[in-house]
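See structure below.
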Amino acid sequence: MISLALAYLRDRPLTTALNVLLLAISVAMLVLLLQFGEQARERLERDAAGVDLVVGAKGSPLQLILSSIFHIDQPTGNIPHNSLDRLRSNPAVSRVVPLALGDNFRGFRIVGTDATFAQSYSLELAEGAQFDGPMQAVIGSRVAEETGAQLGQRFIGNHGFANGNGDGQGHDHAPFETVGILAPSGTVADRLILTSVESVWDVHGISHDHLEEDQESHDHDNGETTNASAPQSHIPSLEPDLTALLVTYRNASAAIRVPAMVNRLTEMQAAVPAIETARLLELLDASIEGIRVFAWLLAATGGLAIFVALLNMARGREGDLALLRVMGASPIQVFATVILEGVIAAAVGAVAGWIGAHALIGIVRSQFATLTDLGLTAWAPVSGEAFLILAVIAIGALAALIPAAQVYRIDPARVLARS
Amino acid sequence: MQLEVSGIGLSYGDTRVLRDVSLVLDSGEQALLLGASGSGKSSLLNVICGLQTPDSGTVTLGDQPVHDGVRKAHIGIIFQTLRLVSALNVRANLLLAQRLANGVQNAAKVDETLEQLGINHRAKARPFELSQGEAQRAAIARALVVSPKLLIADEPTSALDKGNTKVVAEMLIEAARSAGASLLIATHDDRLTSQFGRTLMLENGKVTG
């Protein structure tokens with residue numbers, strides 16, 4: 001019966017192709033939405049894992065989170081370097097990761113930080129060693145893959161964040177040396193270049209000697225930092241500033257005390273990644289929902305097209321079906337043949353749409369850097385896709401139900417008498 | 001297997017088509033059922049094949065009442081127009097007929113039958129690509145590949161010219177003989193009577209002869 005159903009589908013190639021195409025387009029749209037939603041959610045959650053709070057210059061909290069955790073937006077400004085010590089001395093805080101941003105190498109962001117960054121993302125080295133001196137850099141696995149950079153090689157950073165979209169200032173006077181390559185981590189670190197904060201300052205000609213002196217004096221005094229100078233948000237500065245701080249709490253009570261302290265007592269802002277990520281996903285879900293409804297309508301249209309095609313077939317193929325009955329096919333077998341036609345057309349459409357969607361992700365991913373930055377990968381099926389394919393096959397079966405019921409009731413003698 | 005038709009009566013509304021029709025066709029016997037158009041030949045064949053339930057009477061084949069199972073296992077039917085399944089080629093039609101009749105396919109038997117009827121060169125042709133003569137041969141092949149005990153043909157030559165009519169009739173007679181099957185041909189074409197030893201006449205709903 002399967003081969004007969006296939007033969008009937010082949011017998012009307014244009015109608016079959018159009019029905020399959022309609023369903024394939026709707027499935028492709030749904031898979032794309034599912035992939036984009038799931039992968040973006042997964043990626044955002046993974047990148048934000050372990051970071052309870054981001055402290056940065058005042059501005060949009062979402063922008064702060066996007067620039068400091070996901071590295072896909074411009075920073076909100078700078079914050080004073082002493083804010084790092086201030087937060088690190090807070091007993092409710094277990095880890096503070098400094099970030100100094102501003103440059104890129106071939107589109108990959110150069111991040112001035114310290115060893116706590118690697119701890120925060122549980123990063124491991126594939127080759128070489130961690131940066132330990134001026135102008136040493138450790139590159140992420142994707143950076144190594146796409147730039148072909150190897151240990152010992154030197155490279156020059158450019159001002160700005162996007163490759164070719166910066167202000168064109170190459171820091172020729174201060175090349176970095178690749179001392180380590182990170183193993184793939186599946187996090188944002190894969191596409192970052194890590195170096196010391198001091199190296200970032202050096203690249204920009206910012207003196208930081210007095211900080212070391214202050215640090216020594218601070219250590220000798222063994223006292224608290226008293227210099228709570230005002231942050232210089234949005235103002236380009238030659239002061240040794242930082243871009244943001246990634247904070248991990250020591251205990252649950254810190255979730256109330258630390259953001260309140262930052263927001264009330266300083267001119268910096270504290271943004272909670274969990275809240276901002278949820279807000280971002282909410283926005284994303286709202287826009288995805290509209291397209292999803294449209295895609296399901298398209299799938300229903302595909303089902304309707306199958307229904308019409310099979311209904312016409314049931315009328316036009318009465319003689320064939322009567323002959324099948326005469327040859328020994330039971331009413332159930334004839335019924336099953338028509339159902340199979342609907343199911344096969346829907347299944348081919350669903351699978352073609354699924355393959356098409358994943359292939360499209362692969363193609364689009366190579367063309368749009370933002371999708372790459374979001375971590376969208378071509379062949380990473382999510383569980384909802386199986387449901388989607390089954391649902392579309394069910395639509396095909398449902399569409400075939402009425403035509404199949406019609407042929408089930410065919411009276412061969414009546415058809416023979418007519419013919 | 002002996003075919004026994006006993007006391008068949010059939011009406012369409014107020015019109016009585018068959019009146020107390022009885023006939024016996026012995027195993028391997030060949031007969032012509034002759035009658036004018038609209039005399040009820042097709043209706044009688046439908047009843048014999050178990051496709052239509054009569055108002056009265058019984059039909060048995062080898063002592064078994066004819067029903068769907070008996071038809072598909074033992075009766076090969078050739079129609080005037082409904083010859084082959086349109087979406088399949090000739091060979092696929094024959095294989096499907098075998099599968100539906102007894103659940104297995106015998107490709108060697110299919111090829112042998114196509115060769116016997118001289119259309120093996122058209123095995124891959126689709127029904128719409130066949131000439132009238134080729135299509136009728138293919139329909140005979142479809143009926144024969146299931147090794148029937150009774151071969152029934154309804155107006156098998158009505159669309160054919162005189163030459164082809166004789167050829168097809170001879171073909172049916174020879175095919176039934178070689179398959180060891182009984183043969184009953186319903187036709188209005190009295191040119192065929194000379195080729196059959198027994199002719200049954202259907203007039204006014206009754207069979208004579």
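Labels for the structure tokens follow display order: chains A, B, ..., residues from 1 in each chain, ligands from 1.
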Find the nearest atom pair between each residue of chain B and chain A for residues within 6 Å, count only C-alpha atoms, give distances in Å to one decimal, sort rows by chain and ascending number, and present the table as a tab-separated table.
```
residue	atom	partner	partner_atom	distance
B:Leu51	CA	A:Ala413	CA	5.7
B:Lys72	CA	A:Gly328	CA	4.6
B:Val85	CA	A:Asp320	CA	5.2
B:Ala87	CA	A:Tyr8	CA	5.5
B:Leu100	CA	A:Gly328	CA	5.2
B:Ala101	CA	A:Gly328	CA	5.7
```
Limited to N, CA and C atoms, could you put the picked residues into a file as an mmCIF file, in the first residue's frame?
```
data_model
loop_
_atom_site.group_PDB
_atom_site.id
_atom_site.type_symbol
_atom_site.label_atom_id
_atom_site.label_comp_id
_atom_site.auth_asym_id
_atom_site.auth_seq_id
_atom_site.Cartn_x
_atom_site.Cartn_y
_atom_site.Cartn_z
ATOM 1 N N LEU B 51 -19.529 -9.127 -5.966
ATOM 2 C CA LEU B 51 -19.453 -7.661 -5.838
ATOM 3 C C LEU B 51 -20.825 -7.061 -5.550
ATOM 4 N N LYS B 72 -11.000 -12.861 -4.392
ATOM 5 C CA LYS B 72 -9.604 -12.444 -4.584
ATOM 6 C C LYS B 72 -8.662 -13.644 -4.740
ATOM 7 N N VAL B 85 -4.596 -0.174 -12.749
ATOM 8 C CA VAL B 85 -4.481 0.973 -11.837
ATOM 9 C C VAL B 85 -3.623 2.032 -12.524
ATOM 10 N N ALA B 87 -1.886 4.681 -11.797
ATOM 11 C CA ALA B 87 -0.608 5.241 -11.326
ATOM 12 C C ALA B 87 0.560 4.265 -11.462
ATOM 13 N N LEU B 100 -2.403 -8.532 -3.584
ATOM 14 C CA LEU B 100 -3.752 -8.387 -3.023
ATOM 15 C C LEU B 100 -4.489 -9.736 -2.988
ATOM 16 N N ALA B 101 -4.187 -10.609 -3.975
ATOM 17 C CA ALA B 101 -4.894 -11.881 -4.046
ATOM 18 C C ALA B 101 -4.411 -12.863 -2.990
#
```
Within 8 Å of Ile77 (chain B) using only C-alpha atoms, minus same-chain residues under 4 positions, as a compact mmCIF listing (two decimals) with N, CA, C and O atoms, in the first residue's frame:
```txt
# COMPACT_ATOMS: atom_id res chain seq x y z
N VAL A 326 -11.96 -4.80 -6.39
CA VAL A 326 -12.24 -6.02 -7.14
C VAL A 326 -11.04 -6.97 -7.07
O VAL A 326 -11.18 -8.18 -6.93
N ALA B 143 -5.43 -10.50 -14.69
CA ALA B 143 -6.36 -11.49 -14.17
C ALA B 143 -5.71 -12.87 -14.05
O ALA B 143 -6.06 -13.65 -13.16
N LEU B 151 -12.17 -17.50 -14.68
CA LEU B 151 -11.82 -16.26 -15.37
C LEU B 151 -13.11 -15.67 -15.93
O LEU B 151 -13.82 -16.34 -16.68
N ILE B 152 -13.40 -14.43 -15.54
CA ILE B 152 -14.63 -13.78 -15.99
C ILE B 152 -14.26 -12.53 -16.78
O ILE B 152 -13.41 -11.74 -16.33
N ALA B 153 -14.87 -12.34 -17.92
CA ALA B 153 -14.57 -11.15 -18.73
C ALA B 153 -15.89 -10.48 -19.11
O ALA B 153 -16.81 -11.14 -19.59
N ASP B 154 -15.96 -9.19 -18.88
CA ASP B 154 -17.17 -8.43 -19.18
C ASP B 154 -16.90 -7.56 -20.41
O ASP B 154 -16.11 -6.62 -20.34
```
Taking 3 positions as the minimum chain separation for residues in the same chain, which residues sit within 7 Å of Ala186 (chain B) when counting only C-alpha atoms? Answer as a PDB file with N, CA, C and O atoms, in the first residue's frame.
```
ATOM      1  N   LEU B  32     -19.925 -18.634 -23.275  1.00  0.00           N
ATOM      2  CA  LEU B  32     -20.192 -17.246 -23.682  1.00  0.00           C
ATOM      3  C   LEU B  32     -21.569 -16.869 -23.144  1.00  0.00           C
ATOM      4  O   LEU B  32     -22.516 -17.634 -23.311  1.00  0.00           O
ATOM      5  N   LEU B  33     -21.649 -15.737 -22.477  1.00  0.00           N
ATOM      6  CA  LEU B  33     -22.948 -15.248 -22.005  1.00  0.00           C
ATOM      7  C   LEU B  33     -23.342 -14.114 -22.937  1.00  0.00           C
ATOM      8  O   LEU B  33     -22.793 -13.013 -22.876  1.00  0.00           O
ATOM      9  N   LEU B  34     -24.266 -14.392 -23.803  1.00  0.00           N
ATOM     10  CA  LEU B  34     -24.622 -13.439 -24.854  1.00  0.00           C
ATOM     11  C   LEU B  34     -25.913 -12.711 -24.482  1.00  0.00           C
ATOM     12  O   LEU B  34     -26.876 -13.329 -24.038  1.00  0.00           O
ATOM     13  N   LYS B  41     -26.232  -8.456 -18.153  1.00  0.00           N
ATOM     14  CA  LYS B  41     -25.031  -9.309 -18.140  1.00  0.00           C
ATOM     15  C   LYS B  41     -24.051  -8.889 -17.042  1.00  0.00           C
ATOM     16  O   LYS B  41     -23.564  -9.705 -16.266  1.00  0.00           O
ATOM     17  N   ALA B 153     -14.869 -12.343 -17.916  1.00  0.00           N
ATOM     18  CA  ALA B 153     -14.571 -11.150 -18.726  1.00  0.00           C
ATOM     19  C   ALA B 153     -15.889 -10.478 -19.115  1.00  0.00           C
ATOM     20  O   ALA B 153     -16.808 -11.140 -19.595  1.00  0.00           O
ATOM     21  N   ASP B 154     -15.958  -9.186 -18.878  1.00  0.00           N
ATOM     22  CA  ASP B 154     -17.166  -8.426 -19.182  1.00  0.00           C
ATOM     23  C   ASP B 154     -16.900  -7.556 -20.411  1.00  0.00           C
ATOM     24  O   ASP B 154     -16.106  -6.615 -20.339  1.00  0.00           O
ATOM     25  N   GLU B 155     -17.526  -7.885 -21.501  1.00  0.00           N
ATOM     26  CA  GLU B 155     -17.358  -7.165 -22.769  1.00  0.00           C
ATOM     27  C   GLU B 155     -15.879  -6.916 -23.092  1.00  0.00           C
ATOM     28  O   GLU B 155     -15.463  -5.781 -23.321  1.00  0.00           O
TER      29      GLU B 155
END
```
When you look at Ser37 (chain B) with a cut-off of 12 Å (counting only C-alpha atoms), what residues show up, excluding the ones that are within fewer than 5 positions of it in the same chain? I need them as a PDB file with N, CA and C atoms, in the first residue's frame.
```pdb
ATOM      1  N   SER B  42     -23.769  -7.551 -17.024  1.00  0.00           N
ATOM      2  CA  SER B  42     -22.794  -7.051 -16.030  1.00  0.00           C
ATOM      3  C   SER B  42     -23.292  -7.277 -14.612  1.00  0.00           C
ATOM      4  N   SER B  43     -24.607  -7.099 -14.426  1.00  0.00           N
ATOM      5  CA  SER B  43     -25.168  -7.316 -13.089  1.00  0.00           C
ATOM      6  C   SER B  43     -24.980  -8.767 -12.661  1.00  0.00           C
ATOM      7  N   ASP B 154     -15.958  -9.186 -18.878  1.00  0.00           N
ATOM      8  CA  ASP B 154     -17.166  -8.426 -19.182  1.00  0.00           C
ATOM      9  C   ASP B 154     -16.900  -7.556 -20.411  1.00  0.00           C
ATOM     10  N   GLU B 155     -17.526  -7.885 -21.501  1.00  0.00           N
ATOM     11  CA  GLU B 155     -17.358  -7.165 -22.769  1.00  0.00           C
ATOM     12  C   GLU B 155     -15.879  -6.916 -23.092  1.00  0.00           C
ATOM     13  N   SER B 158     -15.410  -5.265 -26.805  1.00  0.00           N
ATOM     14  CA  SER B 158     -16.330  -4.265 -27.356  1.00  0.00           C
ATOM     15  C   SER B 158     -15.606  -3.062 -27.964  1.00  0.00           C
ATOM     16  N   ALA B 186     -18.980 -12.416 -20.883  1.00  0.00           N
ATOM     17  CA  ALA B 186     -20.258 -11.759 -21.160  1.00  0.00           C
ATOM     18  C   ALA B 186     -20.056 -10.775 -22.295  1.00  0.00           C
ATOM     19  N   THR B 187     -20.873 -10.860 -23.308  1.00  0.00           N
ATOM     20  CA  THR B 187     -20.724  -9.962 -24.463  1.00  0.00           C
ATOM     21  C   THR B 187     -22.041  -9.799 -25.225  1.00  0.00           C
ATOM     22  N   HIS B 188     -22.111  -8.732 -26.001  1.00  0.00           N
ATOM     23  CA  HIS B 188     -23.246  -8.584 -26.898  1.00  0.00           C
ATOM     24  C   HIS B 188     -22.821  -8.929 -28.328  1.00  0.00           C
ATOM     25  N   ASP B 189     -21.525  -9.257 -28.464  1.00  0.00           N
ATOM     26  CA  ASP B 189     -20.908  -9.480 -29.765  1.00  0.00           C
ATOM     27  C   ASP B 189     -21.082 -10.945 -30.182  1.00  0.00           C
ATOM     28  N   LEU B 202     -28.901 -14.429 -22.378  1.00  0.00           N
ATOM     29  CA  LEU B 202     -29.583 -13.702 -21.299  1.00  0.00           C
ATOM     30  C   LEU B 202     -30.627 -12.787 -21.940  1.00  0.00           C
ATOM     31  N   GLU B 203     -31.872 -13.132 -21.726  1.00  0.00           N
ATOM     32  CA  GLU B 203     -32.977 -12.352 -22.306  1.00  0.00           C
ATOM     33  C   GLU B 203     -34.057 -12.200 -21.246  1.00  0.00           C
ATOM     34  N   ASN B 204     -34.594 -10.988 -21.154  1.00  0.00           N
ATOM     35  CA  ASN B 204     -35.669 -10.707 -20.187  1.00  0.00           C
ATOM     36  C   ASN B 204     -35.342 -11.194 -18.774  1.00  0.00           C
TER      37      ASN B 204
END
```
*Could you give me, as a PyMOL selection string, each residue of region 31-199 of chain B that DSSP assigns to alpha helix (DSSP H) when run on this structure's backbone?*
chain B and resi 41-49+68-74+90-102+107-116+132-144+162-179
*asked:* I'd like the interatomic distance between CA of Ala28 (chain A) and CA of Ala378 (chain A), to a tenth of an Å.
replied: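 About the pair CA of Ala28 (chain A) and CA of Ala378 (chain A): they are 12.8 Å apart.
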*asked:* Between CA of Phe368 (chain A) and CA of Phe36 (chain A), what is the distance in Å, rounded to a tenth?
replied: 13.5 Å
*Find the spatial neighbours of Gln35 (chain A), counting only C-alpha atoms, within a cut-off of 10 Å - ignore same-chain residues fewer than 2 positions away - and output them as a list of chain:residue names.*
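With the cut-off at 10 Å, the set is A:Met29, A:Leu30, A:Val31, A:Leu32, A:Leu33, A:Gly37, A:Glu38, A:Gln39, A:Ala40, A:Arg41, A:Ala357, A:His358, A:Ile361, A:Leu376, A:Thr377, A:Ala378, A:Trp379, A:Ala380, A:Pro381, A:Val382, A:Gly384, A:Glu385.
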Would you mind listing what lies within 9 Å of Leu182 (chain A) as a compact mmCIF listing (two decimals) with all heavy atoms, in the first residue's frame, with only C-alpha atoms counted and same-chain residues fewer than 5 positions away left out?
```txt
# COMPACT_ATOMS: atom_id res chain seq x y z
N LEU A 123 37.17 28.10 32.52
CA LEU A 123 37.88 27.98 31.23
C LEU A 123 39.14 27.15 31.39
O LEU A 123 39.84 27.24 32.41
CB LEU A 123 38.23 29.37 30.69
CG LEU A 123 37.05 30.31 30.48
CD1 LEU A 123 37.53 31.66 29.98
CD2 LEU A 123 36.05 29.70 29.48
N GLU A 124 39.41 26.36 30.37
CA GLU A 124 40.64 25.55 30.39
C GLU A 124 41.47 25.87 29.15
O GLU A 124 40.91 26.19 28.10
CB GLU A 124 40.31 24.07 30.42
CG GLU A 124 39.78 23.64 31.78
CD GLU A 124 39.36 22.17 31.79
OE1 GLU A 124 39.63 21.47 30.80
OE2 GLU A 124 38.76 21.77 32.81
N LEU A 125 42.77 25.75 29.32
CA LEU A 125 43.65 26.03 28.18
C LEU A 125 43.81 24.80 27.30
O LEU A 125 43.96 23.69 27.80
CB LEU A 125 45.02 26.44 28.71
CG LEU A 125 45.15 27.88 29.23
CD1 LEU A 125 46.40 28.02 30.07
CD2 LEU A 125 45.18 28.86 28.05
N ALA A 126 43.73 25.02 26.00
CA ALA A 126 44.02 23.92 25.07
C ALA A 126 45.52 23.88 24.79
O ALA A 126 46.11 22.83 24.63
CB ALA A 126 43.26 24.12 23.77
N GLU A 127 46.10 25.09 24.75
CA GLU A 127 47.55 25.22 24.49
C GLU A 127 48.09 26.41 25.26
O GLU A 127 47.35 27.36 25.53
CB GLU A 127 47.81 25.50 23.00
CG GLU A 127 47.52 24.39 22.04
CD GLU A 127 47.78 24.85 20.61
OE1 GLU A 127 48.94 25.14 20.26
OE2 GLU A 127 46.78 24.96 19.86
N GLY A 128 49.39 26.39 25.55
CA GLY A 128 50.06 27.56 26.11
C GLY A 128 49.75 27.79 27.57
O GLY A 128 49.47 26.85 28.32
N VAL A 138 45.44 35.63 25.79
CA VAL A 138 44.94 34.26 25.62
C VAL A 138 43.70 34.37 24.73
O VAL A 138 42.81 35.19 25.00
CB VAL A 138 44.58 33.64 26.99
CG1 VAL A 138 43.85 32.31 26.80
CG2 VAL A 138 45.82 33.45 27.83
N ILE A 139 43.67 33.57 23.68
CA ILE A 139 42.55 33.73 22.73
C ILE A 139 41.55 32.57 22.84
O ILE A 139 41.93 31.44 23.17
CB ILE A 139 43.06 33.87 21.28
CG1 ILE A 139 43.80 32.60 20.84
CG2 ILE A 139 43.93 35.08 21.13
CD1 ILE A 139 44.19 32.63 19.37
N GLY A 140 40.29 32.86 22.59
CA GLY A 140 39.24 31.85 22.62
C GLY A 140 39.35 30.90 21.43
O GLY A 140 40.03 31.21 20.45
N SER A 141 38.69 29.75 21.55
CA SER A 141 38.83 28.71 20.53
C SER A 141 38.33 29.18 19.16
O SER A 141 38.92 28.88 18.13
CB SER A 141 38.07 27.45 20.96
OG SER A 141 36.72 27.76 21.20
N ALA A 144 40.80 31.51 17.59
CA ALA A 144 41.94 30.77 17.01
C ALA A 144 41.54 30.13 15.67
O ALA A 144 42.28 30.17 14.70
CB ALA A 144 42.40 29.71 17.99
N ALA A 189 33.27 33.12 25.98
CA ALA A 189 34.73 33.19 26.04
C ALA A 189 35.37 32.63 24.77
O ALA A 189 36.50 32.99 24.43
CB ALA A 189 35.23 32.43 27.26
N ASP A 190 34.64 31.77 24.06
CA ASP A 190 35.19 31.18 22.83
C ASP A 190 35.53 32.25 21.80
O ASP A 190 36.37 32.03 20.93
CB ASP A 190 34.18 30.19 22.22
CG ASP A 190 34.02 28.94 23.08
OD1 ASP A 190 34.84 28.76 23.99
OD2 ASP A 190 33.07 28.18 22.84
```
_Using only C-alpha atoms, which protein or nucleic acid residues come within 6 Å of Ser86 (chain B)? Drop anything in the same chain fewer than 2 positions from it, and give the result as a list in words._
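These residues fall inside the cut-off: Leu84, Leu88 and Pro127 of chain B.
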*For each of A:Leu245, A:Ala400, A:Val51, A:Ala57, take the minimum atom-to-atom distance to Arg88 (chain A), counting only C-alpha atoms, then give the residue where this is smallest.*
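Nearest to Arg88 (chain A): A:Leu245.
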_As an exercise, work out the distance from CA of Ala137 (chain A) to CA of Val55 (chain A) in Å and give it to one decimal place._
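According to the coordinates, CA of Ala137 (chain A) and CA of Val55 (chain A) are separated by 24.3 Å.
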_When you count only C-alpha atoms, which of these residues is closest to Asn102 (chain B): B:Leu114, B:Gln80, B:Gln64, B:Val145?_
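Closest to Asn102 (chain B) of all the choices is B:Val145.
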*Using the chain letters and numbers from this document, which residues of region 88-139 of chain A does DSSP assign to strand (DSSP E), as an NGL selection string?*
:A and (93-105 or 108-113 or 125-128 or 136-139)
Could you write out the selected residues, including N, CA, C and O atoms, as an mmCIF file, in the first residue's frame?
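The resulting file, result.cif, is reproduced below:
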```cif
data_model
loop_
_atom_site.group_PDB
_atom_site.id
_atom_site.type_symbol
_atom_site.label_atom_id
_atom_site.label_comp_id
_atom_site.auth_asym_id
_atom_site.auth_seq_id
_atom_site.Cartn_x
_atom_site.Cartn_y
_atom_site.Cartn_z
ATOM 1 N N VAL A 93 30.303 39.522 48.947
ATOM 2 C CA VAL A 93 30.701 39.219 47.566
ATOM 3 C C VAL A 93 31.812 38.179 47.575
ATOM 4 O O VAL A 93 32.772 38.294 48.328
ATOM 5 N N SER A 94 31.656 37.150 46.717
ATOM 6 C CA SER A 94 32.718 36.127 46.698
ATOM 7 C C SER A 94 33.696 36.347 45.548
ATOM 8 O O SER A 94 34.849 35.979 45.645
ATOM 9 N N ARG A 95 33.207 36.925 44.444
ATOM 10 C CA ARG A 95 34.138 37.137 43.322
ATOM 11 C C ARG A 95 33.728 38.372 42.523
ATOM 12 O O ARG A 95 32.543 38.618 42.306
ATOM 13 N N VAL A 96 34.742 39.144 42.124
ATOM 14 C CA VAL A 96 34.478 40.290 41.249
ATOM 15 C C VAL A 96 35.450 40.194 40.071
ATOM 16 O O VAL A 96 36.658 40.112 40.262
ATOM 17 N N VAL A 97 34.891 40.139 38.863
ATOM 18 C CA VAL A 97 35.729 40.040 37.661
ATOM 19 C C VAL A 97 35.751 41.406 36.987
ATOM 20 O O VAL A 97 34.698 41.929 36.597
ATOM 21 N N PRO A 98 36.951 42.017 36.857
ATOM 22 C CA PRO A 98 37.004 43.324 36.179
ATOM 23 C C PRO A 98 36.976 43.155 34.663
ATOM 24 O O PRO A 98 37.503 42.181 34.139
ATOM 25 N N LEU A 99 36.374 44.098 33.985
ATOM 26 C CA LEU A 99 36.373 44.093 32.522
ATOM 27 C C LEU A 99 36.801 45.458 32.021
ATOM 28 O O LEU A 99 36.293 46.482 32.491
ATOM 29 N N ALA A 100 37.778 45.463 31.102
ATOM 30 C CA ALA A 100 38.168 46.705 30.434
ATOM 31 C C ALA A 100 38.047 46.454 28.938
ATOM 32 O O ALA A 100 38.778 45.646 28.376
ATOM 33 N N LEU A 101 37.069 47.099 28.343
ATOM 34 C CA LEU A 101 36.777 46.840 26.928
ATOM 35 C C LEU A 101 37.119 48.055 26.073
ATOM 36 O O LEU A 101 37.374 49.129 26.590
ATOM 37 N N GLY A 102 37.100 47.874 24.777
ATOM 38 C CA GLY A 102 37.311 49.027 23.901
ATOM 39 C C GLY A 102 37.916 48.681 22.572
ATOM 40 O O GLY A 102 37.767 49.419 21.605
ATOM 41 N N ASP A 103 38.593 47.525 22.488
ATOM 42 C CA ASP A 103 39.281 47.194 21.242
ATOM 43 C C ASP A 103 38.843 45.837 20.710
ATOM 44 O O ASP A 103 38.217 45.045 21.414
ATOM 45 N N ASN A 104 39.203 45.598 19.462
ATOM 46 C CA ASN A 104 38.944 44.287 18.882
ATOM 47 C C ASN A 104 40.079 43.902 17.967
ATOM 48 O O ASN A 104 40.872 44.729 17.534
ATOM 49 N N PHE A 105 40.111 42.598 17.674
ATOM 50 C CA PHE A 105 41.030 42.114 16.654
ATOM 51 C C PHE A 105 40.186 41.294 15.675
ATOM 52 O O PHE A 105 39.611 40.265 16.056
ATOM 53 N N PHE A 108 36.817 40.331 16.930
ATOM 54 C CA PHE A 108 36.754 39.646 18.223
ATOM 55 C C PHE A 108 37.196 40.621 19.323
ATOM 56 O O PHE A 108 38.273 41.228 19.229
ATOM 57 N N ARG A 109 36.379 40.731 20.349
ATOM 58 C CA ARG A 109 36.643 41.736 21.385
ATOM 59 C C ARG A 109 37.864 41.378 22.241
ATOM 60 O O ARG A 109 38.015 40.224 22.645
ATOM 61 N N ILE A 110 38.638 42.395 22.525
ATOM 62 C CA ILE A 110 39.766 42.226 23.435
ATOM 63 C C ILE A 110 39.271 42.648 24.816
ATOM 64 O O ILE A 110 38.780 43.760 25.000
ATOM 65 N N VAL A 111 39.381 41.727 25.779
ATOM 66 C CA VAL A 111 38.838 41.969 27.114
ATOM 67 C C VAL A 111 39.988 42.035 28.119
ATOM 68 O O VAL A 111 40.705 41.051 28.306
ATOM 69 N N GLY A 112 40.158 43.201 28.729
ATOM 70 C CA GLY A 112 41.135 43.327 29.809
ATOM 71 C C GLY A 112 40.487 42.814 31.080
ATOM 72 O O GLY A 112 39.414 43.266 31.459
ATOM 73 N N THR A 113 41.103 41.841 31.711
ATOM 74 C CA THR A 113 40.519 41.242 32.920
ATOM 75 C C THR A 113 41.637 40.643 33.764
ATOM 76 O O THR A 113 42.817 41.012 33.581
ATOM 77 N N LEU A 125 42.767 25.747 29.315
ATOM 78 C CA LEU A 125 43.648 26.029 28.182
ATOM 79 C C LEU A 125 43.808 24.801 27.296
ATOM 80 O O LEU A 125 43.956 23.688 27.800
ATOM 81 N N ALA A 126 43.735 25.017 26.002
ATOM 82 C CA ALA A 126 44.020 23.922 25.068
ATOM 83 C C ALA A 126 45.516 23.885 24.786
ATOM 84 O O ALA A 126 46.111 22.827 24.631
ATOM 85 N N GLU A 127 46.102 25.095 24.752
ATOM 86 C CA GLU A 127 47.548 25.215 24.493
ATOM 87 C C GLU A 127 48.087 26.406 25.257
ATOM 88 O O GLU A 127 47.352 27.365 25.530
ATOM 89 N N GLY A 128 49.392 26.394 25.548
ATOM 90 C CA GLY A 128 50.060 27.563 26.111
ATOM 91 C C GLY A 128 49.748 27.792 27.574
ATOM 92 O O GLY A 128 49.471 26.847 28.325
ATOM 93 N N GLN A 136 50.423 40.286 26.935
ATOM 94 C CA GLN A 136 50.205 38.859 26.651
ATOM 95 C C GLN A 136 48.705 38.634 26.511
ATOM 96 O O GLN A 136 47.915 39.269 27.209
ATOM 97 N N ALA A 137 48.339 37.738 25.620
ATOM 98 C CA ALA A 137 46.907 37.497 25.401
ATOM 99 C C ALA A 137 46.629 36.004 25.278
ATOM 100 O O ALA A 137 47.447 35.241 24.766
ATOM 101 N N VAL A 138 45.440 35.629 25.787
ATOM 102 C CA VAL A 138 44.940 34.257 25.622
ATOM 103 C C VAL A 138 43.697 34.371 24.731
ATOM 104 O O VAL A 138 42.811 35.186 25.002
ATOM 105 N N ILE A 139 43.667 33.567 23.677
ATOM 106 C CA ILE A 139 42.548 33.728 22.735
ATOM 107 C C ILE A 139 41.551 32.568 22.845
ATOM 108 O O ILE A 139 41.926 31.442 23.167
#
```
*Which residue out of B:Ala108, B:Ile8, B:Leu117, B:Leu183 has the minimum interatomic distance to Thr53 (chain B) when only C-alpha atoms are used?*
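Checking each of B:Ala108, B:Ile8, B:Leu117, B:Leu183 against Thr53 (chain B), counting only C-alpha atoms, the winner is B:Ile8.
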*Have a look at B:Arg71, B:Val207, B:Asp26, B:Arg122 and name the one nearest to Asn46 (chain B); count only C-alpha atoms.*
B:Arg71
